[in-house]
file upload.txt (compact mmCIF, C-alpha atoms)
# COMPACT_ATOMS: atom_id res chain seq x y z
CA MET Q 37 -3.17 0.27 -28.66
CA ASN Q 38 -0.96 -1.96 -30.67
CA PHE Q 39 1.19 -3.92 -28.27
CA ASN Q 40 3.22 -6.61 -29.85
CA PHE Q 41 3.79 -8.66 -26.76
CA GLU Q 42 5.67 -11.88 -26.56
CA PHE Q 43 2.77 -13.58 -24.83
CA ASP Q 44 0.18 -11.22 -26.15
CA LEU Q 45 -1.02 -10.67 -22.60
CA PHE Q 46 -2.96 -7.53 -23.29
CA GLY Q 47 -3.58 -8.05 -26.74
CA GLU Q 48 -4.92 -8.38 -29.97
CA GLY Q 49 -4.63 -12.12 -30.44
CA LYS Q 50 -6.35 -14.19 -27.82
CA LYS Q 51 -8.69 -11.41 -26.76
CA ASP Q 52 -10.11 -11.20 -30.22
CA ARG Q 53 -13.58 -12.60 -29.96
CA SER Q 54 -13.99 -12.78 -33.69
CA LEU Q 55 -10.75 -14.76 -33.99
CA GLN Q 56 -11.87 -17.21 -31.33
CA GLY Q 57 -15.30 -17.29 -32.96
CA GLN Q 58 -13.77 -18.02 -36.35
CA ILE Q 59 -11.88 -21.01 -35.00
CA LYS Q 60 -15.05 -22.22 -33.30
CA GLU Q 61 -16.91 -21.95 -36.59
CA TRP Q 62 -14.24 -23.97 -38.40
CA VAL Q 63 -14.35 -26.64 -35.69
CA ARG Q 64 -18.15 -26.74 -35.79
CA ALA Q 65 -18.20 -27.09 -39.54
CA HIS Q 66 -15.45 -29.71 -39.54
CA PHE Q 67 -17.20 -31.96 -37.04
CA ASN Q 68 -20.70 -30.96 -38.16
CA LEU Q 69 -21.64 -30.09 -34.59
CA ALA Q 70 -25.17 -29.43 -33.38
CA GLU Q 71 -25.99 -26.03 -31.92
CA ASP Q 72 -26.17 -27.31 -28.35
CA VAL Q 73 -22.58 -28.54 -28.47
CA THR Q 74 -20.22 -26.09 -26.80
CA VAL Q 75 -16.83 -25.50 -28.35
CA LEU Q 76 -14.09 -24.03 -26.20
CA VAL Q 77 -11.04 -22.42 -27.75
CA ALA Q 78 -8.24 -21.41 -25.43
CA GLU Q 79 -4.71 -20.21 -25.80
CA ILE Q 80 -2.20 -21.18 -23.17
CA PHE Q 81 1.49 -20.76 -22.78
CA CYS Q 82 3.77 -23.34 -21.34
CA ASP Q 83 7.41 -23.63 -20.42
CA GLN Q 84 7.47 -27.42 -20.19
CA PRO Q 85 10.02 -29.24 -22.32
CA GLY Q 86 8.38 -30.56 -25.45
CA CYS Q 87 5.59 -28.01 -25.50
CA ALA Q 88 5.27 -25.10 -27.86
CA PRO Q 89 5.55 -21.81 -25.95
CA VAL Q 90 2.04 -20.82 -26.97
CA GLU Q 91 -0.57 -23.40 -27.89
CA THR Q 92 -4.19 -23.34 -28.94
CA HIS Q 93 -6.44 -25.83 -27.23
CA ILE Q 94 -9.83 -26.95 -28.46
CA ALA Q 95 -12.44 -28.71 -26.33
CA VAL Q 96 -15.66 -30.00 -27.84
CA LEU Q 97 -18.20 -30.38 -25.02
CA LYS Q 98 -20.95 -32.78 -26.00
CA ALA Q 99 -23.64 -34.23 -23.78
CA SER Q 100 -22.02 -37.60 -24.40
CA GLY Q 101 -18.57 -36.46 -23.36
CA ARG Q 102 -15.64 -34.26 -24.18
CA GLU Q 103 -13.06 -34.32 -26.95
CA GLN Q 104 -9.87 -32.30 -26.80
CA TYR Q 105 -7.37 -31.21 -29.39
CA ARG Q 106 -4.30 -29.02 -29.48
CA MET Q 107 -2.46 -27.01 -32.06
CA MET Q 108 1.12 -25.99 -31.53
CA ARG Q 109 0.64 -22.39 -32.43
CA PRO Q 110 -0.97 -19.23 -31.11
CA MET Q 111 -4.61 -18.68 -31.86
CA LYS Q 112 -3.92 -15.83 -34.25
CA GLU Q 113 -1.81 -18.11 -36.45
CA VAL Q 114 -4.39 -20.86 -36.75
CA ILE Q 115 -5.73 -21.27 -40.25
CA LYS Q 116 -8.71 -23.25 -41.49
CA GLN Q 117 -6.46 -25.96 -42.88
CA ASP Q 118 -5.15 -26.66 -39.36
CA ILE Q 119 -8.49 -27.96 -38.12
CA PRO Q 120 -8.38 -31.38 -39.82
CA ARG Q 121 -4.80 -31.72 -38.57
CA MET Q 122 -5.47 -30.93 -34.92
CA ILE Q 123 -3.66 -33.27 -32.57
CA PRO Q 124 -6.05 -35.32 -30.43
CA ASN Q 125 -5.31 -34.53 -26.83
CA PRO Q 126 -7.78 -36.70 -24.94
CA ASP Q 127 -6.03 -36.59 -21.60
CA GLY Q 128 -5.49 -32.91 -21.87
CA HIS Q 129 -2.18 -32.87 -20.13
CA GLY Q 130 1.24 -34.34 -20.15
CA ALA Q 131 1.13 -34.93 -23.86
CA ARG Q 132 4.46 -34.42 -25.51
CA ILE Q 133 4.91 -33.42 -29.09
CA ASP Q 134 4.93 -36.47 -31.30
CA LEU Q 135 6.50 -35.28 -34.53
CA ASP Q 136 4.77 -38.01 -36.51
CA LYS Q 137 1.43 -36.59 -35.50
CA LEU Q 138 2.24 -33.06 -36.54
CA GLY Q 139 0.42 -32.24 -39.72
CA ASP Q 140 1.99 -30.39 -42.58
CA GLY Q 141 0.37 -27.17 -41.48
CA SER Q 142 1.91 -27.20 -38.01
CA GLN Q 143 4.94 -25.16 -37.28
CA TRP Q 144 6.81 -24.98 -34.06
CA LYS Q 145 7.97 -21.46 -33.50
CA MET H 288 -22.38 3.13 -26.83
CA ASN H 289 -22.48 1.18 -23.62
CA PRO H 290 -21.56 -2.48 -23.84
CA PRO H 291 -24.51 -4.85 -23.42
CA ALA H 292 -25.28 -5.71 -19.84
CA THR H 293 -23.67 -8.88 -18.61
CA ILE H 294 -25.11 -11.18 -15.98
CA PRO H 295 -23.10 -11.15 -12.76
CA VAL H 296 -21.82 -14.54 -11.65
CA SER H 297 -20.89 -15.28 -8.07
CA VAL H 298 -18.84 -18.26 -7.02
CA LEU H 299 -19.70 -19.61 -3.60
CA THR H 300 -16.93 -21.43 -1.82
CA GLY H 301 -16.09 -22.40 1.72
CA PHE H 302 -15.05 -25.34 3.79
CA LEU H 303 -17.45 -28.12 4.68
CA GLY H 304 -19.97 -26.98 7.27
CA ALA H 305 -19.13 -23.30 6.91
CA GLY H 306 -22.68 -22.35 5.98
CA LYS H 307 -22.74 -22.38 2.17
CA THR H 308 -25.96 -24.35 2.05
CA THR H 309 -27.59 -22.06 4.61
CA LEU H 310 -26.70 -19.07 2.46
CA LEU H 311 -27.88 -20.85 -0.65
CA ASN H 312 -31.21 -21.75 0.95
CA ARG H 313 -31.70 -18.13 1.94
CA ILE H 314 -31.08 -17.03 -1.62
CA LEU H 315 -33.45 -19.65 -2.98
CA THR H 316 -36.31 -19.23 -0.56
CA GLU H 317 -36.37 -15.66 0.75
CA LYS H 318 -38.36 -13.01 -1.03
CA HIS H 319 -35.71 -10.60 -2.21
CA GLY H 320 -36.72 -9.77 -5.74
CA TRP H 321 -33.67 -11.33 -7.37
CA LYS H 322 -34.12 -13.98 -10.00
CA VAL H 323 -31.14 -16.25 -9.45
CA ALA H 324 -29.93 -19.33 -11.29
CA VAL H 325 -27.88 -21.63 -9.11
CA VAL H 326 -25.39 -24.11 -10.49
CA GLU H 327 -24.26 -26.78 -8.10
CA ASN H 328 -22.47 -30.10 -8.10
CA GLU H 329 -25.46 -32.27 -7.47
CA PHE H 330 -27.65 -34.46 -9.54
CA GLY H 331 -31.07 -33.44 -10.76
CA GLU H 332 -32.59 -30.14 -11.67
CA ILE H 333 -35.19 -28.42 -9.52
CA GLY H 334 -37.05 -25.17 -9.65
CA VAL H 335 -37.55 -23.40 -6.33
CA ASP H 336 -40.31 -20.82 -6.67
CA ASN H 337 -38.91 -18.23 -9.00
CA GLN H 338 -35.39 -19.60 -8.97
CA LEU H 339 -33.65 -22.27 -10.95
CA VAL H 340 -31.17 -24.83 -9.70
CA LEU H 341 -29.01 -26.56 -12.28
CA ALA H 342 -26.87 -29.51 -11.44
CA THR H 343 -23.59 -30.42 -13.08
CA GLU H 344 -21.06 -33.13 -12.60
CA GLU H 345 -17.59 -31.73 -12.27
CA ASP H 346 -15.59 -32.12 -15.45
CA LEU H 347 -12.13 -30.64 -15.17
CA ILE H 348 -10.44 -29.75 -18.42
CA VAL H 349 -6.76 -29.94 -17.64
CA MET H 350 -5.11 -28.30 -20.58
CA ASN H 351 -1.55 -28.55 -19.57
CA ASN H 352 0.55 -31.07 -17.66
CA GLY H 353 -1.95 -31.57 -14.91
CA CYS H 354 -1.24 -28.05 -13.73
CA VAL H 355 -4.05 -26.25 -11.95
CA CYS H 356 -2.87 -23.14 -13.76
CA CYS H 357 -4.57 -24.15 -16.98
CA THR H 358 -7.55 -26.08 -15.67
CA VAL H 359 -11.14 -25.06 -16.29
CA ARG H 360 -14.53 -26.60 -15.58
CA GLY H 361 -15.90 -27.92 -18.86
CA ASP H 362 -19.25 -28.83 -17.30
CA LEU H 363 -19.63 -25.28 -16.05
CA ILE H 364 -18.86 -23.68 -19.37
CA LYS H 365 -21.33 -26.01 -21.06
CA THR H 366 -24.01 -25.45 -18.40
CA LEU H 367 -23.65 -21.67 -18.62
CA ASN H 368 -23.87 -21.79 -22.39
CA ASP H 369 -27.01 -23.95 -22.10
CA LEU H 370 -28.43 -21.56 -19.51
CA LEU H 371 -27.86 -18.54 -21.71
CA ARG H 372 -29.78 -20.20 -24.53
CA ARG H 373 -32.88 -20.41 -22.34
CA PRO H 374 -35.56 -17.80 -22.88
CA ASP H 375 -35.79 -16.93 -19.17
CA LYS H 376 -33.56 -14.15 -17.95
CA PHE H 377 -31.74 -14.00 -14.64
CA ASP H 378 -30.47 -11.17 -12.47
CA ALA H 379 -27.58 -13.24 -11.20
CA ILE H 380 -25.98 -16.64 -11.45
CA LEU H 381 -24.53 -18.37 -8.42
CA ILE H 382 -22.12 -21.27 -8.67
CA GLU H 383 -21.60 -23.44 -5.62
CA THR H 384 -18.33 -25.30 -5.32
CA THR H 385 -17.80 -28.39 -3.23
CA GLY H 386 -16.39 -27.87 0.24
CA VAL H 387 -12.88 -29.10 -0.29
CA ALA H 388 -12.54 -27.94 -3.86
CA ASP H 389 -9.91 -25.55 -5.06
CA PRO H 390 -12.06 -22.78 -6.57
CA SER H 391 -9.51 -21.77 -9.17
CA PRO H 392 -10.80 -23.98 -12.05
CA VAL H 393 -14.21 -22.36 -11.60
CA ILE H 394 -12.71 -18.88 -11.62
CA GLN H 395 -10.47 -19.67 -14.57
CA SER H 396 -13.48 -20.83 -16.56
CA PHE H 397 -14.44 -17.16 -16.87
CA PHE H 398 -11.12 -16.21 -18.39
CA VAL H 399 -10.98 -18.43 -21.43
CA ASP H 400 -14.10 -18.00 -23.50
CA GLU H 401 -14.76 -14.64 -25.10
CA ASP H 402 -18.34 -15.56 -26.05
CA LEU H 403 -19.12 -16.37 -22.45
CA LYS H 404 -17.36 -13.23 -21.25
CA SER H 405 -19.56 -11.13 -23.50
CA LYS H 406 -22.65 -12.45 -21.71
CA VAL H 407 -21.62 -13.09 -18.14
CA ARG H 408 -18.99 -11.63 -15.87
CA LEU H 409 -17.41 -12.99 -12.74
CA ASP H 410 -18.73 -10.62 -10.11
CA ALA H 411 -17.29 -12.01 -6.91
CA VAL H 412 -15.92 -15.09 -5.24
CA ILE H 413 -17.80 -15.44 -1.97
CA THR H 414 -16.03 -17.45 0.72
CA VAL H 415 -18.03 -18.58 3.72
CA VAL H 416 -15.97 -19.27 6.83
CA ASP H 417 -17.04 -21.09 9.99
CA ALA H 418 -15.83 -18.57 12.57
CA ARG H 419 -15.52 -21.18 15.31
CA HIS H 420 -14.01 -24.17 13.57
CA ILE H 421 -11.94 -22.51 10.87
CA TRP H 422 -8.76 -22.39 12.94
CA GLN H 423 -8.16 -26.12 12.89
CA HIS H 424 -8.78 -26.11 9.12
CA LEU H 425 -6.51 -23.13 8.57
CA GLU H 426 -3.67 -24.96 10.22
CA GLN H 427 -4.26 -28.36 8.69
CA ASN H 428 -5.82 -27.73 5.30
CA ARG H 429 -4.21 -25.78 2.55
CA GLU H 430 -7.61 -25.56 0.85
CA ALA H 431 -9.11 -23.62 3.77
CA ARG H 432 -6.38 -20.98 3.52
CA GLU H 433 -6.66 -20.87 -0.24
CA GLN H 434 -10.42 -20.44 -0.22
CA ILE H 435 -10.02 -17.26 1.83
CA ALA H 436 -7.21 -16.13 -0.43
CA TYR H 437 -9.44 -16.47 -3.50
CA GLY H 438 -12.39 -14.64 -1.92
CA ASP H 439 -13.55 -11.21 -3.01
CA VAL H 440 -16.17 -11.30 -0.29
CA VAL H 441 -15.50 -13.26 2.89
CA LEU H 442 -18.33 -14.04 5.29
CA LEU H 443 -17.14 -14.83 8.79
CA ASN H 444 -20.18 -16.92 9.62
CA LYS H 445 -21.52 -18.43 12.84
CA THR H 446 -20.53 -15.35 14.81
CA ASP H 447 -22.74 -16.53 17.64
CA LEU H 448 -20.28 -19.37 18.26
CA ALA H 449 -17.20 -17.17 18.63
CA THR H 450 -16.24 -14.38 21.02
CA PRO H 451 -15.66 -10.84 19.74
CA GLU H 452 -11.93 -11.33 20.41
CA GLU H 453 -11.89 -14.52 18.36
CA LEU H 454 -13.71 -12.75 15.55
CA ASP H 455 -11.22 -9.89 15.61
CA ARG H 456 -8.36 -12.35 15.45
CA LEU H 457 -10.01 -14.22 12.59
CA GLU H 458 -10.66 -11.04 10.66
CA LYS H 459 -7.03 -10.07 11.07
CA LYS H 460 -5.98 -13.50 9.81
CA ALA H 461 -8.32 -13.29 6.82
CA ARG H 462 -6.97 -9.84 6.01
CA GLU H 463 -3.44 -11.19 6.17
CA LEU H 464 -4.34 -13.88 3.69
CA ASN H 465 -6.26 -11.53 1.44
CA ILE H 466 -5.84 -7.78 1.50
CA LEU H 467 -8.55 -7.20 -1.09
CA ALA H 468 -11.48 -9.12 0.34
CA LYS H 469 -14.53 -7.36 1.66
CA ILE H 470 -15.15 -9.02 5.03
CA TYR H 471 -18.54 -9.32 6.71
CA ARG H 472 -19.54 -11.01 9.95
CA THR H 473 -22.72 -13.04 9.72
CA ARG H 474 -24.87 -15.30 11.82
CA ASP H 475 -26.79 -18.03 10.02
CA ALA H 476 -25.34 -16.59 6.80
CA ALA H 477 -27.78 -13.71 7.06
CA ILE H 478 -26.66 -10.90 4.78
CA PRO H 479 -28.53 -8.62 2.40
CA LEU H 480 -28.12 -9.93 -1.13
CA ASP H 481 -26.97 -6.56 -2.43
CA LYS H 482 -23.83 -7.05 -0.31
CA ILE H 483 -22.88 -10.21 -2.13
CA LEU H 484 -24.56 -10.24 -5.56
CA ASP H 485 -23.70 -7.82 -8.38
CA VAL H 486 -21.15 -6.02 -6.21
CA GLY H 487 -18.33 -5.91 -8.77
CA ALA H 488 -15.88 -7.14 -6.16
CA PHE H 489 -13.80 -9.05 -8.70
CA ASP H 490 -13.03 -5.73 -10.32
CA LEU H 491 -10.12 -3.96 -8.61
CA SER H 492 -11.23 -0.65 -10.03
CA ARG H 493 -14.64 -0.84 -8.38
CA ARG H 494 -13.11 -2.22 -5.21
CA LEU H 495 -10.82 0.80 -4.93
CA GLU H 496 -13.70 3.17 -5.58
CA VAL H 497 -15.51 1.69 -2.60
CA SER H 498 -12.39 1.57 -0.41
CA PRO H 499 -9.86 4.09 -1.71
CA ASP H 500 -7.67 3.64 1.36
CA LEU H 501 -7.18 -0.05 0.60
CA MET H 502 -3.76 0.43 -0.88
CA THR H 503 -2.45 2.67 1.87
CA ALA H 504 -3.00 0.14 4.62
CA ASP H 505 0.23 -1.42 5.73
CA GLU H 506 -0.85 -5.01 6.08
CA HIS H 507 2.29 -6.73 5.02
CA HIS H 508 2.81 -9.06 7.93
CA HIS H 509 3.52 -12.49 6.57
CA HIS H 510 2.84 -15.14 9.14
CA SER H 511 1.44 -17.57 6.64
CA ASP H 512 2.61 -19.27 3.47
CA ILE H 513 -0.27 -17.49 1.73
CA HIS H 514 -0.31 -13.72 1.82
CA SER H 515 -1.10 -10.55 -0.07
CA ILE H 516 1.34 -8.10 -1.54
CA SER H 517 0.23 -4.70 -2.75
CA LEU H 518 2.46 -2.42 -4.77
CA LYS H 519 1.97 1.22 -5.63
CA GLU H 520 4.43 2.93 -7.88
CA ALA H 521 4.18 6.22 -9.72
CA GLY H 522 5.36 6.67 -13.30
CA ALA H 523 4.17 5.41 -16.66
CA LEU H 524 5.29 1.90 -17.57
CA ASP H 525 6.85 0.64 -20.75
CA GLY H 526 4.27 -1.70 -22.29
CA ARG H 527 6.82 -4.10 -23.70
CA ARG H 528 8.72 -4.40 -20.44
CA LEU H 529 5.51 -4.84 -18.50
CA ASN H 530 4.43 -7.65 -20.75
CA ALA H 531 7.78 -9.38 -20.56
CA TRP H 532 7.81 -9.12 -16.78
CA LEU H 533 4.25 -10.30 -16.26
CA GLY H 534 4.69 -13.05 -18.84
CA GLY H 535 7.78 -14.27 -17.01
CA LEU H 536 5.99 -14.13 -13.67
CA LEU H 537 3.07 -16.17 -14.94
CA LYS H 538 5.45 -18.73 -16.38
CA THR H 539 7.62 -19.11 -13.33
CA ARG H 540 5.23 -18.38 -10.49
CA GLY H 541 1.80 -19.03 -12.01
CA THR H 542 1.16 -21.95 -9.71
CA ASP H 543 1.71 -19.79 -6.65
CA ILE H 544 -0.17 -16.72 -7.84
CA PHE H 545 -3.79 -17.23 -6.82
CA ARG H 546 -4.94 -13.78 -7.73
CA MET H 547 -3.29 -10.85 -9.44
CA LYS H 548 -4.96 -7.55 -10.11
CA GLY H 549 -3.67 -4.29 -11.40
CA ILE H 550 -4.39 -0.84 -12.78
CA VAL H 551 -1.43 0.69 -14.56
CA GLU H 552 -0.41 3.61 -16.71
CA VAL H 553 1.27 2.53 -19.92
CA GLN H 554 3.28 5.09 -21.84
CA GLY H 555 1.54 6.14 -25.04
CA GLU H 556 -1.83 4.82 -23.90
CA ALA H 557 -4.43 7.43 -22.93
CA ARG H 558 -6.54 4.89 -21.10
CA ARG H 559 -5.92 2.99 -17.90
CA VAL H 560 -4.75 -0.55 -18.50
CA VAL H 561 -6.45 -2.94 -16.09
CA PHE H 562 -5.73 -6.60 -15.67
CA GLN H 563 -6.31 -9.56 -13.50
CA GLY H 564 -5.05 -13.06 -13.40
CA VAL H 565 -5.67 -16.36 -11.72
CA HIS H 566 -2.63 -18.60 -11.88
CA MET H 567 -1.58 -18.55 -15.55
CA MET H 568 -4.90 -17.23 -16.81
CA PHE H 569 -4.63 -13.56 -17.54
CA ASP H 570 -7.00 -10.93 -18.78
CA GLY H 571 -5.78 -7.42 -19.44
CA ARG H 572 -6.99 -4.55 -21.53
CA PRO H 573 -7.37 -0.77 -21.59
CA ASP H 574 -10.60 0.48 -20.05
CA ARG H 575 -11.55 4.11 -19.57
CA PRO H 576 -9.41 7.20 -20.26
CA TRP H 577 -7.53 8.68 -17.33
CA ARG H 578 -9.43 11.55 -15.77
CA ASP H 579 -7.96 15.02 -15.35
CA GLY H 580 -6.00 15.20 -12.12
CA GLU H 581 -6.47 11.51 -11.37
CA ASP H 582 -3.71 9.72 -9.46
CA ARG H 583 -2.06 7.58 -12.12
CA SER H 584 0.01 5.50 -9.76
CA ASN H 585 0.39 1.93 -10.88
CA ILE H 586 -1.39 -0.39 -8.49
CA LEU H 587 -0.72 -4.11 -8.39
CA VAL H 588 -1.98 -6.65 -5.90
CA PHE H 589 -0.77 -10.21 -5.68
CA ILE H 590 -2.31 -12.89 -3.51
CA GLY H 591 -0.50 -16.18 -3.40
CA ARG H 592 1.92 -18.55 -1.81
CA ASN H 593 5.44 -17.58 -0.78
CA LEU H 594 5.57 -14.62 -3.13
CA PRO H 595 8.82 -12.63 -3.12
CA GLU H 596 7.77 -9.11 -2.27
CA GLN H 597 11.07 -7.40 -2.91
CA GLU H 598 11.49 -9.13 -6.26
CA LEU H 599 8.00 -8.12 -7.31
CA ARG H 600 8.58 -4.55 -6.21
CA GLU H 601 11.83 -4.34 -8.15
CA GLY H 602 10.23 -6.03 -11.14
CA LEU H 603 7.53 -3.40 -11.31
CA ARG H 604 10.06 -0.61 -10.93
CA ALA H 605 12.10 -2.01 -13.79
CA CYS H 606 9.06 -1.67 -16.05
CA ARG H 607 9.00 2.09 -15.75
CA ALA H 608 9.44 3.94 -19.00
CA VAL H 609 12.64 5.98 -19.08

call {"tool": "encode", "arguments": {"input": "upload.txt", "output": "structure tokens"}}
result
Amino acid sequence: MNFNFEFDLFGEGKKDRSLQGQIKEWVRAHFNLAEDVTVLVAEIFCDQPGCAPVETHIAVLKASGREQYRMMRPMKEVIKQDIPRMIPNPDGHGARIDLDKLGDGSQWK
Amino acid sequence: MNPPATIPVSVLTGFLGAGKTTLLNRILTEKHGWKVAVVENEFGEIGVDNQLVLATEEDLIVMNNGCVCCTVRGDLIKTLNDLLRRPDKFDAILIETTGVADPSPVIQSFFVDEDLKSKVRLDAVITVVDARHIWQHLEQNREAREQIAYGDVVLLNKTDLATPEELDRLEKKARELNILAKIYRTRDAAIPLDKILDVGAFDLSRRLEVSPDLMTADEHHHHSDIHSISLKEAGALDGRRLNAWLGGLLKTRGTDIFRMKGIVEVQGEARRVVFQGVHMMFDGRPDRPWRDGEDRSNILVFIGRNLPEQELREGLRACRAV
């Protein structure tokens, strides 16, 4: 099946374990994370003003606490070069897009 | 090739004093042959005979605007990942929620991580209800109504403290809140474990196999803000329209949709497309091919707050391929 859905509900993007796994690997390598640190990669969509319609959220779950990041693009469009430019999202909600914090690799579609 | 076996996970919820701990103690202490890992919101870690109890401190990851729609339990995801790295193997995992907690962040935690989903599967949300005292909670506490709405298995517990008429009335109320739940009446939370563990109740497909008449029951009497709506509509759907409709629904009504399950026929797809959602979290994919002569009617069930039945019915109809 090759649905090309607006939100990719059934599809090939966010359900792709290897894609999610690839992003996890990039995050692990970037932060040099130990094996017992859990990395969570999630794609959400949002209709709030100031949010990208589909975003990729990263949570790094350490024993010492949690770090969160967001990227203003769907998971399937994330590239390795986005990882150093992830936007810190410590509160995990309510954050509006601050254009100054958007890295060169970020695009708002 | 069959996919690797996944460990069934049950989520235990229920209002304070309903009997969750009684049920949990039964699972931990009775000789039943199941090796169960229990995750609860307490401090410390103890081993009870053959079982394991892991404690976590609730850590809600709110991904979006404080909305419950995109909130998961980070501690749970980490604990389950840690658990799966252990050499010991378990037949089932049970997660206890706190009495007043909205269970949706726990449920949603099983929607986001594909690694986790390849190893564990949400088997059922078990809601324990105090058959005598639930009425005051149902009227006063949104959480009490919601916990029944989220349940795949509902135990009407403490039956010795309620009359048969009261139990009938309660069962009718629970059914009104949740058309899909399997309802049992229990005393002292006594129930064979094979009724509540590894029952596949989260899976609409298995639920319909067990109770094929589920969708023919006319239970659409809405006396509560929370209710169930079931739709059955023949005719293959247009995949693109279906996606646009469901996507729009999740965006606009995600907060009010507690549960959404469906089995549909999509034009051009030889397999059934099955999906389920909790608030804005959605998981849908083709599963097995349609069988010869099988009823291909599209089946959708919504459980939520103030859902517009007619609008949903028309929305589904509009997805039909022409």

call {"tool": "interface_residues", "arguments": {"input": "upload.txt", "of": "chain H", "to": "chain Q", "cutoff": "8 Å", "atoms": "only C-alpha atoms", "output": "ChimeraX atom specification"}}
result
/H:348-353,357,361-362,364-365,368-369,399-402,526-527,530-531,534,538,556,568-572

call {"tool": "atom_distance", "arguments": {"input": "upload.txt", "atom1": "CA of Pro110 (chain Q)", "atom2": "CA of Pro573 (chain H)"}}
result
21.7 Å

call {"tool": "closest_residue", "arguments": {"input": "upload.txt", "among": "H:Thr309, H:Asn428, H:Thr384, H:Ser396", "to": "Ile478 (chain H)", "atoms": "only C-alpha atoms"}}
result
H:Thr309

call {"tool": "residues_near_point", "arguments": {"input": "upload.txt", "point": "(-1.4, -16.8, -11.4)", "cutoff": "7 Å", "atoms": "all atoms listed in the file", "output": "ChimeraX atom specification"}}
result
/H:356,537,540-547,564-568

call {"tool": "atom_distance", "arguments": {"input": "upload.txt", "atom1": "CA of Ser391 (chain H)", "atom2": "CA of Ser405 (chain H)"}}
result
20.5 Å

call {"tool": "atom_distance", "arguments": {"input": "upload.txt", "atom1": "CA of Leu363 (chain H)", "atom2": "CA of Phe377 (chain H)"}}
result
16.6 Å

call {"tool": "closest_residue", "arguments": {"input": "upload.txt", "among": "H:Thr473, H:Thr358, H:Asn312, H:Thr366", "to": "Asn328 (chain H)", "atoms": "only C-alpha atoms"}}
result
H:Thr366

call {"tool": "closest_residue", "arguments": {"input": "upload.txt", "among": "H:Leu518, H:Ala436, H:Ala324, H:Ile586", "to": "Leu311 (chain H)", "atoms": "all atoms listed in the file"}}
result
H:Ala324

call {"tool": "axis_aligned_box", "arguments": {"input": "upload.txt", "around": "region 563-577 of chain H", "padding_each_side": "3 Å", "output": "lines of an AutoDock Vina configuration file"}}
result
center_x = -6.6
center_y = -5.0
center_z = -16.7
size_x = 16.0
size_y = 33.3
size_z = 15.9

call {"tool": "closest_residue", "arguments": {"input": "upload.txt", "among": "Q:Asn68, Q:Ser100, Q:Val63, Q:Gln58", "to": "Ile119 (chain Q)", "atoms": "all atoms listed in the file"}}
result
Q:Val63

call {"tool": "closest_atom_pairs", "arguments": {"input": "upload.txt", "of": "region 322-419 of chain H", "to": "region 483-497 of chain H", "cutoff": "7 Å", "atoms": "all atoms listed in the file", "output": "JSON lines"}}
result
{"residue": "H:Leu409", "atom": "CA", "partner": "H:Phe489", "partner_atom": "CA", "distance": 6.7}
{"residue": "H:Asp410", "atom": "CA", "partner": "H:Gly487", "partner_atom": "CA", "distance": 4.9}
{"residue": "H:Ala411", "atom": "CA", "partner": "H:Phe489", "partner_atom": "CA", "distance": 4.9}

call {"tool": "closest_residue", "arguments": {"input": "upload.txt", "among": "H:Ile380, H:Ile413, H:Ile590, H:Leu403", "to": "Val440 (chain H)", "atoms": "all atoms listed in the file"}}
result
H:Ile413

call {"tool": "residues_near_point", "arguments": {"input": "upload.txt", "point": "(-26.4, -21.0, -8.9)", "cutoff": "12 Å", "atoms": "only C-alpha atoms", "output": "ChimeraX atom specification"}}
result
/H:295-300,307-308,310-312,314-315,322-329,332-335,338-343,363,366-367,370,377-384,484

call {"tool": "write_last_selection", "arguments": {"input": "upload.txt", "atoms": "C-alpha atoms", "output": "short mmCIF file (atom, residue, chain, number, x, y, z; two decimals), in the coordinates of the input"}}
result
data_model
loop_
_atom_site.label_atom_id
_atom_site.label_comp_id
_atom_site.auth_asym_id
_atom_site.auth_seq_id
_atom_site.Cartn_x
_atom_site.Cartn_y
_atom_site.Cartn_z
CA PRO H 295 -23.10 -11.15 -12.76
CA VAL H 296 -21.82 -14.54 -11.65
CA SER H 297 -20.89 -15.28 -8.07
CA VAL H 298 -18.84 -18.26 -7.02
CA LEU H 299 -19.70 -19.61 -3.60
CA THR H 300 -16.93 -21.43 -1.82
CA LYS H 307 -22.74 -22.38 2.17
CA THR H 308 -25.96 -24.35 2.05
CA LEU H 310 -26.70 -19.07 2.46
CA LEU H 311 -27.88 -20.85 -0.65
CA ASN H 312 -31.21 -21.75 0.95
CA ILE H 314 -31.08 -17.03 -1.62
CA LEU H 315 -33.45 -19.65 -2.98
CA LYS H 322 -34.12 -13.98 -10.00
CA VAL H 323 -31.14 -16.25 -9.45
CA ALA H 324 -29.93 -19.33 -11.29
CA VAL H 325 -27.88 -21.63 -9.11
CA VAL H 326 -25.39 -24.11 -10.49
CA GLU H 327 -24.26 -26.78 -8.10
CA ASN H 328 -22.47 -30.10 -8.10
CA GLU H 329 -25.46 -32.27 -7.47
CA GLU H 332 -32.59 -30.14 -11.67
CA ILE H 333 -35.19 -28.42 -9.52
CA GLY H 334 -37.05 -25.17 -9.65
CA VAL H 335 -37.55 -23.40 -6.33
CA GLN H 338 -35.39 -19.60 -8.97
CA LEU H 339 -33.65 -22.27 -10.95
CA VAL H 340 -31.17 -24.83 -9.70
CA LEU H 341 -29.01 -26.56 -12.28
CA ALA H 342 -26.87 -29.51 -11.44
CA THR H 343 -23.59 -30.42 -13.08
CA LEU H 363 -19.63 -25.28 -16.05
CA THR H 366 -24.01 -25.45 -18.40
CA LEU H 367 -23.65 -21.67 -18.62
CA LEU H 370 -28.43 -21.56 -19.51
CA PHE H 377 -31.74 -14.00 -14.64
CA ASP H 378 -30.47 -11.17 -12.47
CA ALA H 379 -27.58 -13.24 -11.20
CA ILE H 380 -25.98 -16.64 -11.45
CA LEU H 381 -24.53 -18.37 -8.42
CA ILE H 382 -22.12 -21.27 -8.67
CA GLU H 383 -21.60 -23.44 -5.62
CA THR H 384 -18.33 -25.30 -5.32
CA LEU H 484 -24.56 -10.24 -5.56
#
